[in-house]
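J.: I am sharing input-v6.csv, which consists of CSV, C-alpha atoms and all ligand atoms:
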chain,number,residue,atom,x,y,z
A,416,MET,CA,151.1,118.5,129.0
A,417,ILE,CA,147.7,117.4,130.3
A,418,LYS,CA,148.2,115.0,133.3
A,419,ILE,CA,145.7,112.2,133.1
A,420,GLY,CA,144.5,109.8,135.9
A,421,ILE,CA,142.6,106.6,135.2
A,422,LEU,CA,140.2,105.4,137.8
A,423,GLY,CA,139.2,101.7,137.3
A,424,TYR,CA,141.4,99.5,135.2
A,425,GLY,CA,139.2,97.1,133.2
A,426,ASN,CA,138.7,97.1,129.4
A,427,LEU,CA,138.0,100.8,129.3
A,428,GLY,CA,140.9,101.7,131.6
A,429,ARG,CA,143.3,99.8,129.5
A,430,GLY,CA,141.9,101.5,126.4
A,431,VAL,CA,142.4,104.9,127.9
A,432,GLU,CA,146.0,104.0,128.6
A,433,CYS,CA,146.5,103.2,124.9
A,434,ALA,CA,144.7,106.4,123.8
A,435,VAL,CA,146.9,108.6,126.0
A,436,LYS,CA,150.0,107.1,124.3
A,437,GLN,CA,148.6,108.3,121.0
A,438,ASN,CA,148.1,111.9,122.2
A,439,PRO,CA,151.4,113.8,122.5
A,440,ASP,CA,149.8,116.6,124.6
A,441,MET,CA,148.8,114.0,127.3
A,442,GLU,CA,150.7,111.9,129.8
A,443,LEU,CA,149.4,109.2,132.2
A,444,ALA,CA,150.2,110.2,135.8
A,445,ALA,CA,148.5,107.3,137.7
A,446,VAL,CA,146.0,104.5,137.6
A,447,PHE,CA,143.8,103.9,140.6
A,448,THR,CA,142.1,100.6,141.4
A,449,ARG,CA,139.9,99.1,144.2
A,450,ARG,CA,141.9,96.0,143.9
A,451,ASN,CA,145.3,95.4,145.5
A,452,PRO,CA,147.6,97.6,143.2
A,453,ALA,CA,150.3,94.9,143.4
A,454,ASP,CA,147.9,92.6,141.5
A,455,VAL,CA,147.3,95.0,138.7
A,456,LYS,CA,149.9,95.5,135.9
A,457,ILE,CA,149.9,98.6,133.8
A,458,LEU,CA,151.9,99.2,130.6
A,459,THR,CA,153.0,102.9,130.9
A,460,GLU,CA,156.6,103.3,132.2
A,461,GLY,CA,156.8,106.0,134.8
A,462,ALA,CA,153.1,106.0,135.7
A,463,SER,CA,152.0,105.0,139.2
A,464,ILE,CA,149.5,102.3,140.1
A,465,CYS,CA,147.7,103.2,143.3
A,466,SER,CA,144.9,102.2,145.6
A,467,ILE,CA,141.7,104.2,145.2
A,468,SER,CA,142.1,105.4,148.8
A,469,GLU,CA,145.2,107.5,147.6
A,470,VAL,CA,143.1,109.5,145.1
A,471,PRO,CA,142.9,112.7,147.2
A,472,ASP,CA,146.7,112.9,147.5
A,473,TRP,CA,146.9,113.4,143.7
A,474,LYS,CA,144.7,116.5,143.7
A,475,ASP,CA,147.4,118.8,142.4
A,476,ARG,CA,149.2,116.2,140.3
A,477,ILE,CA,146.4,115.2,138.0
A,478,ASP,CA,144.5,117.6,135.6
A,479,VAL,CA,141.8,115.2,134.3
A,480,MET,CA,140.6,112.0,136.0
A,481,ILE,CA,139.0,109.6,133.4
A,482,LEU,CA,136.5,107.4,135.2
A,483,CYS,CA,136.5,103.9,133.7
A,484,GLY,CA,134.2,102.0,136.1
A,485,GLY,CA,130.9,100.3,135.1
A,486,SER,CA,127.8,102.3,134.6
A,487,ALA,CA,125.5,100.1,136.7
A,488,THR,CA,127.0,100.8,140.1
A,489,ASP,CA,130.5,102.3,139.9
A,490,LEU,CA,130.0,105.6,138.0
A,491,PRO,CA,126.9,106.9,139.9
A,492,GLU,CA,129.1,106.8,143.0
A,493,GLN,CA,132.5,107.5,141.7
A,494,THR,CA,132.0,110.4,139.2
A,495,PRO,CA,130.3,112.8,141.7
A,496,ALA,CA,132.7,111.7,144.4
A,497,TYR,CA,135.8,112.9,142.4
A,498,ALA,CA,134.3,115.7,140.4
A,499,GLU,CA,135.1,118.2,143.2
A,500,LEU,CA,138.8,117.3,143.1
A,501,PHE,CA,139.5,117.0,139.4
A,502,HIS,CA,138.1,117.7,136.0
A,503,VAL,CA,136.4,114.4,135.2
A,504,VAL,CA,135.2,112.5,132.1
A,505,ASP,CA,133.0,109.4,132.2
A,506,SER,CA,131.1,107.1,129.8
A,507,PHE,CA,127.9,106.7,131.8
A,508,ASP,CA,125.4,104.9,129.6
A,509,THR,CA,122.4,104.1,131.7
A,510,HIS,CA,120.1,106.4,129.6
A,511,ALA,CA,117.2,106.7,132.1
A,512,ARG,CA,119.5,107.8,134.9
A,513,ILE,CA,121.5,110.5,133.0
A,514,PRO,CA,119.5,113.5,134.3
A,515,GLU,CA,120.1,112.4,137.9
A,516,HIS,CA,123.8,111.7,137.2
A,517,PHE,CA,124.1,115.1,135.5
A,518,ALA,CA,122.7,116.9,138.6
A,519,ASN,CA,125.0,115.0,141.0
A,520,VAL,CA,128.1,115.7,139.0
A,521,ASP,CA,127.1,119.3,138.3
A,522,LYS,CA,126.8,120.0,142.0
A,523,ALA,CA,130.2,118.5,142.8
A,524,SER,CA,132.0,120.1,139.9
A,525,LYS,CA,130.7,123.5,140.7
A,526,LYS,CA,131.7,123.2,144.3
A,527,GLY,CA,135.3,122.4,143.3
A,528,GLY,CA,135.4,124.8,140.3
A,529,LYS,CA,136.0,121.9,137.9
A,530,VAL,CA,134.5,120.6,134.7
A,531,GLY,CA,132.8,117.2,134.5
A,532,ILE,CA,131.9,115.7,131.1
A,533,ILE,CA,129.5,112.7,131.4
A,534,SER,CA,128.1,110.1,129.0
A,535,VAL,CA,131.1,110.3,126.6
A,536,GLY,CA,131.7,107.4,124.2
A,537,TRP,CA,129.8,106.3,121.0
A,538,ASP,CA,126.3,105.7,122.3
A,539,PRO,CA,125.8,107.9,124.2
A,540,GLY,CA,128.5,110.1,122.6
A,541,MET,CA,129.3,110.2,118.9
A,542,PHE,CA,126.0,108.7,117.9
A,543,SER,CA,124.1,111.2,120.0
A,544,LEU,CA,126.0,114.1,118.4
A,545,ASN,CA,125.3,112.8,114.9
A,546,ARG,CA,121.5,112.5,115.7
A,547,LEU,CA,121.6,116.1,117.0
A,548,TYR,CA,123.5,117.6,114.0
A,549,ALA,CA,121.1,115.9,111.6
A,550,SER,CA,117.9,116.9,113.3
A,551,ALA,CA,119.1,120.5,113.8
A,552,VAL,CA,120.0,120.8,110.1
A,553,LEU,CA,116.9,118.9,108.8
A,554,PRO,CA,114.0,119.6,111.2
A,555,LYS,CA,111.6,117.6,108.9
A,556,GLY,CA,113.0,114.1,109.2
A,557,GLN,CA,113.5,111.0,111.3
A,558,ASP,CA,116.5,109.3,112.8
A,559,TYR,CA,117.3,105.6,113.0
A,560,THR,CA,119.9,103.9,115.1
A,561,PHE,CA,121.1,100.4,114.4
A,562,TRP,CA,123.7,98.7,116.6
A,563,GLY,CA,126.1,96.0,115.5
A,564,LYS,CA,127.3,93.7,114.4
A,565,GLY,CA,128.8,93.6,117.9
A,566,VAL,CA,129.1,91.9,121.3
A,567,SER,CA,126.5,92.9,123.9
A,568,GLN,CA,128.0,92.4,127.3
A,569,GLY,CA,124.6,92.4,129.0
A,570,HIS,CA,123.1,89.8,126.7
A,571,SER,CA,126.2,87.6,126.9
A,572,ASP,CA,125.9,87.7,130.7
A,573,ALA,CA,122.2,86.8,130.4
A,574,VAL,CA,122.9,83.7,128.3
A,575,ARG,CA,125.7,82.7,130.7
A,576,ARG,CA,123.1,82.7,133.5
A,577,VAL,CA,121.0,80.0,131.8
A,578,GLU,CA,121.2,76.6,133.5
A,579,GLY,CA,123.5,74.3,131.5
A,580,VAL,CA,125.5,77.1,129.9
A,581,LYS,CA,129.2,77.1,130.6
A,582,ASP,CA,130.2,80.1,128.5
A,583,ALA,CA,128.6,82.3,125.8
A,584,LYS,CA,129.0,85.4,123.6
A,585,GLN,CA,126.0,87.2,122.1
A,586,TYR,CA,126.1,89.4,119.0
A,587,THR,CA,123.5,92.1,118.1
A,588,VAL,CA,123.1,92.2,114.3
A,589,PRO,CA,121.3,94.9,112.3
A,590,VAL,CA,118.8,93.6,109.7
A,591,ASP,CA,120.0,94.5,106.2
A,592,ALA,CA,116.5,94.9,104.7
A,593,ALA,CA,115.6,97.4,107.4
A,594,LEU,CA,118.8,99.4,106.7
A,595,GLU,CA,118.1,99.4,103.0
A,596,ALA,CA,114.5,100.6,103.5
A,597,VAL,CA,115.8,103.6,105.6
A,598,ARG,CA,118.5,104.3,103.0
A,599,LYS,CA,115.9,104.4,100.2
A,600,GLY,CA,114.1,107.2,102.1
A,601,ASP,CA,111.0,105.2,102.8
A,602,ASN,CA,110.9,106.4,106.5
A,603,PRO,CA,109.6,102.9,107.5
A,604,THR,CA,108.1,102.2,110.9
A,605,LEU,CA,110.2,99.4,112.3
A,606,SER,CA,109.5,97.0,115.2
A,607,THR,CA,112.2,95.8,117.5
A,608,ARG,CA,112.2,92.5,115.6
A,609,GLN,CA,112.5,94.1,112.2
A,610,LYS,CA,115.6,96.2,113.2
A,611,HIS,CA,117.9,93.7,114.8
A,612,THR,CA,118.5,89.9,115.2
A,613,ARG,CA,120.5,88.3,118.0
A,614,GLU,CA,123.1,85.6,117.5
A,615,CYS,CA,124.4,83.5,120.4
A,616,PHE,CA,127.5,81.2,120.5
A,617,VAL,CA,127.1,78.9,123.5
A,618,VAL,CA,129.3,76.3,125.2
A,619,LEU,CA,127.3,73.7,127.1
A,620,GLU,CA,128.1,72.2,130.5
A,621,GLU,CA,128.7,68.5,130.2
A,622,GLY,CA,125.4,66.6,129.9
A,623,ALA,CA,123.2,69.7,129.4
A,624,ASP,CA,120.1,69.5,127.3
A,625,ALA,CA,120.8,71.6,124.2
A,626,ALA,CA,117.1,71.9,123.1
A,627,LYS,CA,116.1,73.1,126.6
A,628,VAL,CA,118.9,75.7,126.7
A,629,GLU,CA,118.0,77.0,123.2
A,630,LYS,CA,114.3,77.3,124.2
A,631,GLU,CA,115.1,79.1,127.4
A,632,ILE,CA,117.4,81.6,125.6
A,633,LYS,CA,115.0,82.3,122.8
A,634,THR,CA,112.0,82.9,125.1
A,635,MET,CA,113.9,85.0,127.7
A,636,PRO,CA,111.8,88.1,128.4
A,637,ASN,CA,113.4,91.6,127.9
A,638,TYR,CA,116.5,90.0,126.3
A,639,PHE,CA,115.5,87.7,123.5
A,640,ALA,CA,111.7,87.2,123.3
A,641,ASP,CA,111.2,90.2,121.1
A,642,TYR,CA,113.9,89.2,118.6
A,643,ASP,CA,114.7,86.5,116.0
A,644,THR,CA,117.5,84.7,117.8
A,645,THR,CA,119.9,82.1,116.5
A,646,VAL,CA,121.8,79.8,118.9
A,647,HIS,CA,125.0,78.0,117.8
A,648,PHE,CA,126.5,75.4,120.1
A,649,ILE,CA,130.3,75.3,119.9
A,650,SER,CA,133.3,74.1,122.0
A,651,GLN,CA,135.2,76.3,124.5
A,652,GLU,CA,138.2,76.2,122.1
A,653,GLU,CA,136.1,77.6,119.3
A,654,LEU,CA,134.6,80.3,121.5
A,655,ASP,CA,138.1,81.4,122.7
A,656,ARG,CA,139.6,81.2,119.2
A,657,ASP,CA,136.8,82.9,117.2
A,658,HIS,CA,134.9,85.0,119.6
A,659,GLY,CA,137.6,86.5,122.0
A,660,GLY,CA,137.3,90.1,120.8
A,661,ILE,CA,134.9,92.9,121.8
A,662,PRO,CA,133.9,94.3,118.4
A,663,HIS,CA,130.9,96.6,118.0
A,664,GLY,CA,129.6,99.5,116.0
A,665,GLY,CA,126.5,100.5,114.2
A,666,PHE,CA,124.7,103.1,112.1
A,667,VAL,CA,123.0,106.4,112.7
A,668,LEU,CA,120.8,107.2,109.7
A,669,TYR,CA,118.7,110.3,109.3
A,670,SER,CA,116.3,110.8,106.5
A,671,GLY,CA,115.0,114.3,106.0
A,672,LYS,CA,113.1,116.5,103.5
A,673,THR,CA,113.5,120.1,102.3
A,674,GLY,CA,111.7,122.2,99.7
A,675,TRP,CA,108.4,124.2,99.8
A,676,GLU,CA,106.4,121.0,99.3
A,677,GLU,CA,109.1,118.9,100.9
A,678,GLU,CA,109.8,117.4,97.5
A,679,ASN,CA,113.5,116.7,98.1
A,680,SER,CA,115.0,114.0,100.3
A,681,HIS,CA,118.3,113.8,102.0
A,682,LEU,CA,120.0,111.0,103.7
A,683,ILE,CA,122.7,111.3,106.4
A,684,GLU,CA,124.6,108.2,107.4
A,685,TYR,CA,127.3,107.8,110.1
A,686,ARG,CA,128.8,104.4,110.6
A,687,LEU,CA,131.1,102.9,113.1
A,688,LYS,CA,132.8,99.5,112.6
A,689,LEU,CA,134.9,98.9,115.7
A,690,ASP,CA,137.4,96.1,116.3
A,691,SER,CA,137.4,97.0,119.9
A,692,ASN,CA,134.4,98.8,121.6
A,693,PRO,CA,136.4,99.8,124.7
A,694,GLU,CA,139.4,101.1,122.9
A,695,PHE,CA,137.3,103.2,120.6
A,696,THR,CA,135.2,104.5,123.6
A,697,ALA,CA,138.4,105.2,125.4
A,698,SER,CA,139.7,107.3,122.5
A,699,VAL,CA,136.6,109.4,122.6
A,700,LEU,CA,137.1,109.9,126.4
A,701,ALA,CA,140.7,111.1,125.8
A,702,ALA,CA,139.6,113.7,123.3
A,703,TYR,CA,136.9,115.0,125.8
A,704,ALA,CA,139.5,115.0,128.5
A,705,ARG,CA,141.4,117.6,126.5
A,706,ALA,CA,138.1,119.6,126.2
A,707,ALA,CA,137.6,119.5,130.0
A,708,TYR,CA,141.1,120.7,130.6
A,709,ARG,CA,140.8,123.6,128.1
A,710,LEU,CA,137.4,124.7,129.4
A,711,GLY,CA,138.7,124.5,133.0
A,712,ALA,CA,141.6,126.8,132.0
A,713,GLU,CA,139.0,129.3,130.8
A,714,GLY,CA,137.4,129.3,134.2
A,715,VAL,CA,134.3,127.2,133.3
A,716,SER,CA,132.9,124.8,135.9
A,717,GLY,CA,129.9,122.4,136.2
A,718,CYS,CA,128.7,119.3,134.3
A,719,LYS,CA,128.5,119.1,130.5
A,720,THR,CA,127.6,116.4,128.0
A,721,VAL,CA,128.9,116.0,124.4
A,722,PHE,CA,126.2,118.4,123.3
A,723,ASP,CA,127.8,121.3,125.2
A,724,ILE,CA,131.3,121.0,123.9
A,725,ALA,CA,132.4,122.8,120.7
A,726,PRO,CA,134.4,120.5,118.3
A,727,ALA,CA,137.5,122.7,118.4
A,728,TYR,CA,138.0,121.9,122.1
A,729,LEU,CA,138.5,118.2,121.2
A,730,SER,CA,141.3,118.7,118.7
A,731,GLN,CA,145.0,118.7,119.2
A,732,LYS,CA,145.2,121.3,116.5
A,733,ASP,CA,145.0,125.0,117.3
A,734,GLY,CA,142.3,127.4,115.9
A,735,GLU,CA,144.4,128.7,113.1
A,736,THR,CA,145.3,125.2,111.8
A,737,LEU,CA,141.7,124.1,112.1
A,738,ARG,CA,140.5,127.2,110.2
A,739,ALA,CA,142.9,126.4,107.4
A,740,SER,CA,141.2,122.9,107.1
A,741,LEU,CA,137.7,124.3,106.9
A,742,LEU,CA,137.7,123.5,103.2
A,801,LIG,P1,135.0,96.2,133.0
A,801,LIG,O1,134.1,95.2,133.6
A,801,LIG,O2,136.1,95.7,132.2
A,801,LIG,O3,135.6,97.2,134.1
A,801,LIG,C1,134.8,97.8,135.1
A,801,LIG,C2,135.5,97.9,136.4
A,801,LIG,O4,135.6,96.6,137.0
A,801,LIG,C3,137.0,98.4,136.3
A,801,LIG,O5,137.0,99.8,136.3
A,801,LIG,C4,137.7,97.7,137.4
A,801,LIG,O6,137.7,98.5,138.6
A,801,LIG,C5,136.9,96.4,137.7
A,801,LIG,N1,137.6,95.3,137.1
A,801,LIG,C6,138.1,95.1,135.8
A,801,LIG,N2,138.7,94.0,135.6
A,801,LIG,C7,138.6,93.3,136.9
A,801,LIG,C8,139.1,92.1,137.3
A,801,LIG,N3,139.8,91.3,136.6
A,801,LIG,N4,138.8,91.8,138.6
A,801,LIG,C9,138.1,92.6,139.4
A,801,LIG,N5,137.7,93.8,139.0
A,801,LIG,C10,137.9,94.2,137.8
A,801,LIG,O7,134.1,97.2,132.1
A,801,LIG,P2,134.5,98.0,130.8
A,801,LIG,O8,135.7,98.7,131.0
A,801,LIG,O9,134.3,97.0,129.6
A,801,LIG,O10,133.2,99.0,130.7
A,801,LIG,C11,133.0,100.0,131.6
A,801,LIG,C12,131.8,100.8,131.3
A,801,LIG,O11,131.9,101.6,130.1
A,801,LIG,C13,130.5,100.0,131.0
A,801,LIG,O12,129.8,99.7,132.2
A,801,LIG,C14,129.7,100.8,130.0
A,801,LIG,O13,128.7,101.4,130.7
A,801,LIG,C15,130.7,101.9,129.6
A,801,LIG,N6,130.7,102.0,128.1
A,801,LIG,C16,130.2,103.1,127.5
A,801,LIG,C17,130.1,103.2,126.1
A,801,LIG,C18,129.6,104.4,125.5
A,801,LIG,O14,129.5,104.4,124.2
A,801,LIG,N7,129.2,105.4,126.2
A,801,LIG,C19,130.7,102.1,125.3
A,801,LIG,C20,131.3,101.0,126.0
A,801,LIG,C21,131.3,100.9,127.4
A,801,LIG,P3,138.9,98.4,139.7
A,801,LIG,O15,140.2,98.6,138.9
A,801,LIG,O16,138.6,99.5,140.6
A,801,LIG,O17,138.8,97.0,140.2
Give the structure from this file in C-alpha cells form.
Ligand code: NDP
T.:
Amino acid sequence: MIKIGILGYGNLGRGVECAVKQNPDMELAAVFTRRNPADVKILTEGASICSISEVPDWKDRIDVMILCGGSATDLPEQTPAYAELFHVVDSFDTHARIPEHFANVDKASKKGGKVGIISVGWDPGMFSLNRLYASAVLPKGQDYTFWGKGVSQGHSDAVRRVEGVKDAKQYTVPVDAALEAVRKGDNPTLSTRQKHTRECFVVLEEGADAAKVEKEIKTMPNYFADYDTTVHFISQEELDRDHGGIPHGGFVLYSGKTGWEEENSHLIEYRLKLDSNPEFTASVLAAYARAAYRLGAEGVSGCKTVFDIAPAYLSQKDGETLRASLL
C-alpha cells in the first residue's frame, strides 16, 4: 500500500483525495494545511488532518507527499522544502521558472535519496507528453495547442479586479476555424487572436457603468487586448447557477509529413474535455505518485518530469498484464 500525504487542501488537494479513493494500491495517511486544522474538513475516514508544522513527524509514515499548493508562491517554496523528507509530486505550471524549480527540487531530493516529480498535470503534463511523442515520431511537422473551452482562474481574477465588478468568470474558447485549418493539414500560421476567443460572465456592483466596465475588460493589456472578447452581464444567481464549475480541456494537434518527397501527411490529435480541471489534474498526480514510489524502491533519486517516467511506472497493472494488452 502506498501511503499518500496531501500538502495544501484547496481544489487540487480535494481532487487528490478523490483520486486516492479510486486507486486500491494507495491510502491517504494525512492532509497538511497552513490553516487551523480544526477549520478544515476532509472526507477520508481514518486519515489525519494536521498543521503543516507537523510534516517532519510523518517522515516514516508517508511514502509520497503530493504538493497541492499554488504555483505562484507556494510550490517554489514547499516542493524543495519537503523533497528531502519524502518522494514528492507537484503540478508546478509557471513555465518560465521550471528550470529553476527543477534544480532546487533535484538538489533536495538527491540529498534525501528521494524522487521528486514536478510539473505533473495536463499542461504541463499530458499535453507536454503528447507533443513530445508526436515530434519524436514525426520530426517533420508542427504542433498546435488549443485550450478550452474552460475557466481561466487568472483571467477571472483579472476581471474581478476591474472597478465596478462584483464577481466574474472567464472562459477561454478555441476558434473552430483555426482547429479545422490545422486538421486539414494546412500548417497555418496563427496569431493569438486567431486561435482563441475569451468570454466573460460579469456581475456588476450596484450603480456600476456597464459600458465602462466592458471597455476596461476588452482593452486590458496582457489579458484581453490581443483577443476578441465577449462580455455578458448577468446576475449573481445566474453566475452561481450556471458557472459554478471549473471545467477545462483542450487539444494538442500535430501535423507531420513522411515520404521521400514528404508527400504524405499525418495528423495526431489528443483531446481533453474535463468537467473538473482540478480533479483531472489530481488524477494525473496520483498516477505519478505511484511512479515516484516505484522508482524510489529501485534506488533512484533526484528530480524528474513527465518526460523521464516510462508509462509502465504509472499503471496499477504489472508488466505481464501490460504486455498482454500491447495489442
Ligand atoms: P487553490 O487556490 O484552491 O488552493 C491553493 C492553496 O490555497 C491550497 O493548497 C490551500 O493551502 C490554500 N487554500 C485553499 N482553499 C483555501 C481557503 N478557503 N482559505 C484559505 N486558503 C485556502 O488552488 P488549486 O488547488 O485550484 O490549484 C493549485 C495549483 O495547481 C495552481 O496554482 C496551478 O498552478 C496548478 N494546476 C496545474 C495544472 C497542470 O496542468 N499542471 C492544472 C490545474 C492547476 P492550505 O491548505 O495550506 O491553506
J.: Identify, counting only C-alpha atoms and all ligand atoms, the protein, DNA and RNA residues located within 8 Å of ligand LIG 801 (chain A), and give them as a ChimeraX atom specification.
T.: /A:422-429,447-450,455,467,482-487,489,506-509,534-541,692-693,696
J.: Could those selected residues go to a file with C-alpha atoms, as a compact mmCIF listing (two decimals), in the frame of the given file?
T.:
# COMPACT_ATOMS: atom_id res chain seq x y z
CA LEU A 422 140.20 105.40 137.80
CA GLY A 423 139.20 101.70 137.30
CA TYR A 424 141.40 99.50 135.20
CA GLY A 425 139.20 97.10 133.20
CA ASN A 426 138.70 97.10 129.40
CA LEU A 427 138.00 100.80 129.30
CA GLY A 428 140.90 101.70 131.60
CA ARG A 429 143.30 99.80 129.50
CA PHE A 447 143.80 103.90 140.60
CA THR A 448 142.10 100.60 141.40
CA ARG A 449 139.90 99.10 144.20
CA ARG A 450 141.90 96.00 143.90
CA VAL A 455 147.30 95.00 138.70
CA ILE A 467 141.70 104.20 145.20
CA LEU A 482 136.50 107.40 135.20
CA CYS A 483 136.50 103.90 133.70
CA GLY A 484 134.20 102.00 136.10
CA GLY A 485 130.90 100.30 135.10
CA SER A 486 127.80 102.30 134.60
CA ALA A 487 125.50 100.10 136.70
CA ASP A 489 130.50 102.30 139.90
CA SER A 506 131.10 107.10 129.80
CA PHE A 507 127.90 106.70 131.80
CA ASP A 508 125.40 104.90 129.60
CA THR A 509 122.40 104.10 131.70
CA SER A 534 128.10 110.10 129.00
CA VAL A 535 131.10 110.30 126.60
CA GLY A 536 131.70 107.40 124.20
CA TRP A 537 129.80 106.30 121.00
CA ASP A 538 126.30 105.70 122.30
CA PRO A 539 125.80 107.90 124.20
CA GLY A 540 128.50 110.10 122.60
CA MET A 541 129.30 110.20 118.90
CA ASN A 692 134.40 98.80 121.60
CA PRO A 693 136.40 99.80 124.70
CA THR A 696 135.20 104.50 123.60
J.: At what distance in Å, to one decimal, does CA of Gly714 in chain A lie from CA of Ala444 in chain A?
T.: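 Rounded to one decimal, the two atoms are 23.0 Å apart.
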J.: Per residue of range 511-561 of chain A within 12 Å of range 661-669 of chain A, which atom pair is closest and at what distance in Å (one decimal), using only C-alpha atoms, listed by chain and increasing number, as a Markdown table?
T.:
| residue | atom | partner | partner_atom | distance |
| --- | --- | --- | --- | --- |
| A:Gly536 | CA | A:Gly664 | CA | 11.6 |
| A:Trp537 | CA | A:Gly664 | CA | 8.4 |
| A:Asp538 | CA | A:Gly664 | CA | 9.4 |
| A:Pro539 | CA | A:Val667 | CA | 11.9 |
| A:Gly540 | CA | A:Val667 | CA | 11.9 |
| A:Met541 | CA | A:Val667 | CA | 9.6 |
| A:Phe542 | CA | A:Val667 | CA | 6.4 |
| A:Ser543 | CA | A:Val667 | CA | 8.8 |
| A:Leu544 | CA | A:Val667 | CA | 10.0 |
| A:Asn545 | CA | A:Val667 | CA | 7.1 |
| A:Arg546 | CA | A:Val667 | CA | 7.0 |
| A:Leu547 | CA | A:Tyr669 | CA | 10.1 |
| A:Tyr548 | CA | A:Tyr669 | CA | 9.9 |
| A:Ala549 | CA | A:Tyr669 | CA | 6.5 |
| A:Ser550 | CA | A:Tyr669 | CA | 7.8 |
| A:Ala551 | CA | A:Tyr669 | CA | 11.2 |
| A:Val552 | CA | A:Tyr669 | CA | 10.6 |
| A:Leu553 | CA | A:Tyr669 | CA | 8.8 |
| A:Pro554 | CA | A:Tyr669 | CA | 10.6 |
| A:Lys555 | CA | A:Tyr669 | CA | 10.2 |
| A:Gly556 | CA | A:Tyr669 | CA | 6.9 |
| A:Gln557 | CA | A:Tyr669 | CA | 5.6 |
| A:Asp558 | CA | A:Tyr669 | CA | 4.3 |
| A:Tyr559 | CA | A:Leu668 | CA | 5.1 |
| A:Thr560 | CA | A:Val667 | CA | 4.6 |
| A:Phe561 | CA | A:Phe666 | CA | 5.1 |
J.: For CA of Asp657 in chain A and CA of Leu687 in chain A, determine how far apart the two atoms are, in Å to one decimal place.
T.: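 These atoms are spaced 21.2 Å apart.
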J.: Can you work out which one of A:His502, A:Lys672, A:Lys456, A:Lys529 has the shortest atom-to-atom distance to Gly420 in chain A, counting only C-alpha atoms?
T.: A:His502
J.: What is the distance between CA of Ala523 in chain A and CA of His510 in chain A, in Å to one decimal?
T.: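 A separation of 20.6 Å between them.
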J.: Go through A:Asn679, A:Thr720, A:Leu689, A:Ala445 and flag the residue nearest Gly565 in chain A, using only C-alpha atoms for the distances.
T.: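 Going through A:Asn679, A:Thr720, A:Leu689, A:Ala445 one by one, the smallest distance to Gly565 in chain A is for A:Leu689.
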J.: Determine, counting only C-alpha atoms, which protein, DNA and RNA residues have an atom within 7 Å of an atom of Leu443 in chain A; residues of the same chain fewer than 3 positions away are not included. Present the result as a compact mmCIF listing (two decimals) with C-alpha atoms, in the frame of the given file.
T.:
# COMPACT_ATOMS: atom_id res chain seq x y z
CA LYS A 418 148.20 115.00 133.30
CA ILE A 419 145.70 112.20 133.10
CA GLY A 420 144.50 109.80 135.90
CA VAL A 435 146.90 108.60 126.00
CA ALA A 462 153.10 106.00 135.70
J.: Smallest atom-to-atom distance to Glu620 in chain A: which of A:Ala498, A:Ala583, A:Cys465, A:Val590, using only C-alpha atoms?
T.: A:Ala583
J.: Write out as a list in words which residues come within 12 Å of Thr604 in chain A when counting all atoms listed in the file, dropping same-chain ones fewer than 3 positions away.
T.: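 Listing them by chain and then by number gives Gln557, Asp558, Tyr559, Ala593, Leu594, Ala596, Val597, Gly600, Asp601, Thr607, Arg608, Gln609 and Lys610 of chain A.
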J.: Closest to Ile632 in chain A among A:Cys615, A:Met441, A:Leu700, A:Ile683, using only C-alpha atoms?
T.: A:Cys615
J.: Need to verify the contact set: Glu653 in chain A, 12 Å, all atoms listed in the file, exclusion of same-chain residues closer than 3 positions in sequence. Can you return it as a ChimeraX atom specification?
T.: /A:582-584,616-618,647-650,656-659
J.: Between A:Glu713, A:Glu442, A:Glu460, A:Asp505, which is the closest to Ile417 in chain A once you count all atoms listed in the file?
T.: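 Once distances to Ile417 in chain A are computed over all atoms listed in the file, the minimum belongs to A:Glu442.
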J.: Hey, which of A:Ala640, A:Met480, A:Asp733, A:Ile532 ends up closest to Ala706 in chain A? Count all atoms listed in the file.
T.: A:Ile532
J.: Fewer than 5 positions away in the same chain doesn't count, so skip those; otherwise give me all residues within 12 Å of Val577 in chain A, counting all atoms listed in the file, as a ChimeraX atom specification.
T.: /A:570-572,582-583,617-620,623-625,627-635
J.: Export, as an mmCIF file, in the coordinates of the input, the selected residues with C-alpha atoms.
T.:
data_model
loop_
_atom_site.group_PDB
_atom_site.id
_atom_site.type_symbol
_atom_site.label_atom_id
_atom_site.label_comp_id
_atom_site.auth_asym_id
_atom_site.auth_seq_id
_atom_site.Cartn_x
_atom_site.Cartn_y
_atom_site.Cartn_z
ATOM 1 C CA HIS A 570 123.100 89.800 126.700
ATOM 2 C CA SER A 571 126.200 87.600 126.900
ATOM 3 C CA ASP A 572 125.900 87.700 130.700
ATOM 4 C CA ASP A 582 130.200 80.100 128.500
ATOM 5 C CA ALA A 583 128.600 82.300 125.800
ATOM 6 C CA VAL A 617 127.100 78.900 123.500
ATOM 7 C CA VAL A 618 129.300 76.300 125.200
ATOM 8 C CA LEU A 619 127.300 73.700 127.100
ATOM 9 C CA GLU A 620 128.100 72.200 130.500
ATOM 10 C CA ALA A 623 123.200 69.700 129.400
ATOM 11 C CA ASP A 624 120.100 69.500 127.300
ATOM 12 C CA ALA A 625 120.800 71.600 124.200
ATOM 13 C CA LYS A 627 116.100 73.100 126.600
ATOM 14 C CA VAL A 628 118.900 75.700 126.700
ATOM 15 C CA GLU A 629 118.000 77.000 123.200
ATOM 16 C CA LYS A 630 114.300 77.300 124.200
ATOM 17 C CA GLU A 631 115.100 79.100 127.400
ATOM 18 C CA ILE A 632 117.400 81.600 125.600
ATOM 19 C CA LYS A 633 115.000 82.300 122.800
ATOM 20 C CA THR A 634 112.000 82.900 125.100
ATOM 21 C CA MET A 635 113.900 85.000 127.700
#
